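Everything below concerns the one structure shown next.
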Amino acid sequence: DALFITAARDAEVIRSALRAGALHYLIKPFNQAALQEQLRHVAALRTRLDTLDEARQEDVDQIFGTRPPGSRELPKGLAAHTAELVERVLRTHPSGLSATECAQAGSLSRVSARRYLEYFADTGRAEVTLKYGGTGRPERRYRWVG
């Protein structure tokens, strides 16, 4: 693992650092908090990798930071506009909601809401909990974790 600490500001030097495998590049002068933040970041990356047996593309993207949040490709049949709507609904309900509640809040069908909620859960952006209570199956509740 390499963390470059240098006064060099030349773009070619930064490109060389990337090619050499730099996880980050700190330009002097910087404060202690900036260094500590980068060291924590490196430690978090190592911890995340240590917990994975097999990585999903989402894991790799997060580790490498190669895609900005929102640029993830959606599976066939899911639309970016609807994904943004479901995300917005989830974010405005921090305690979580069911697929039915999400559908009502977003003016969607329950089936559509559930597909997007499950996609967010599969990609680690939503957390699913089960609410037990009445008869029948437990209710799946979704909460945005982002």
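Lettering and numbering for the structure tokens are positional, with chains as A, B, ... in the shown order, residues counted from 1 in each chain, and ligands counted from 1 in the shown order.
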
Could you pull the residues within 10 Å of Leu78 of chain A, counting only C-alpha atoms, minus those fewer than 3 positions along the same chain, as a short mmCIF file (atom, residue, chain, number, x, y, z; two decimals) with N, CA and C atoms, in the first residue's frame?
```cif
data_model
loop_
_atom_site.label_atom_id
_atom_site.label_comp_id
_atom_site.auth_asym_id
_atom_site.auth_seq_id
_atom_site.Cartn_x
_atom_site.Cartn_y
_atom_site.Cartn_z
N GLU A 73 -24.26 1.48 -13.19
CA GLU A 73 -25.16 1.01 -14.23
C GLU A 73 -26.28 0.20 -13.59
N LEU A 74 -27.48 0.43 -14.07
CA LEU A 74 -28.63 -0.30 -13.55
C LEU A 74 -28.82 -1.58 -14.36
N PRO A 75 -29.34 -2.62 -13.72
CA PRO A 75 -29.64 -3.85 -14.46
C PRO A 75 -30.72 -3.58 -15.51
N HIS A 81 -34.35 7.21 -13.81
CA HIS A 81 -35.29 8.17 -13.23
C HIS A 81 -36.07 7.54 -12.08
N THR A 82 -36.53 6.31 -12.27
CA THR A 82 -37.30 5.64 -11.22
C THR A 82 -36.39 5.28 -10.04
N ALA A 83 -35.16 4.88 -10.33
CA ALA A 83 -34.21 4.58 -9.25
C ALA A 83 -33.97 5.83 -8.39
N SER A 112 -43.06 -2.57 -8.76
CA SER A 112 -41.94 -1.74 -9.23
C SER A 112 -41.11 -1.26 -8.05
N ARG A 115 -38.91 -4.03 -6.75
CA ARG A 115 -37.75 -4.34 -7.61
C ARG A 115 -36.60 -3.37 -7.34
N TYR A 116 -36.90 -2.08 -7.25
CA TYR A 116 -35.86 -1.09 -7.00
C TYR A 116 -35.32 -1.21 -5.58
N TYR A 119 -33.01 -4.10 -5.51
CA TYR A 119 -31.77 -3.74 -6.20
C TYR A 119 -30.87 -2.95 -5.24
#
```

I need the helix (DSSP H, G or I) residues of segment 49-135 of chain A per DSSP on the backbone, written as an MDAnalysis selection string. chainID A and resid 49:51 57:64 80:91 99:106 110:122

Of A:Arg19, A:Arg40, A:Arg46, A:Arg141, the one sitting nearest Pro94 of chain A when using only C-alpha atoms is A:Arg141

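Nearest residue to Arg91 of chain A among A:Ala55, A:Ala126, A:Ala113, A:Leu23 is A:Ala126, counting only C-alpha atoms.
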
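Separating atom CA of Leu35 of chain A from atom CA of Leu3 of chain A is a distance of 9.6 Å.
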
Using only C-alpha atoms, pick whichever of A:Glu118, A:Arg140, A:Leu49, A:Ala33 has the shortest atom-to-atom distance to Glu101 of chain A.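 Among A:Glu118, A:Arg140, A:Leu49, A:Ala33, it is A:Arg140 that comes nearest to Glu101 of chain A.
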
When you look at Leu117 of chain A with a cut-off of 12 Å (counting only C-alpha atoms), what residues show up, excluding the ones that are within fewer than 6 positions of it in the same chain? I need them as number ranges by chain. A: 78, 82-90, 96-103, 110-111, 123-128, 140-145

Atom pair atom CA of Glu12 of chain A / atom CA of Glu37 of chain A: separation (Å): 24.9 Å

Nearby residues (only C-alpha atoms) at most 10 Å from Ala2 of chain A, same-chain spacing under 2 positions excluded, as a list in words: Phe4, Ile5, Ala17, Leu18, Ala20, Gly21, Ala22, Leu23, His24, Tyr25 and Val42 of chain A
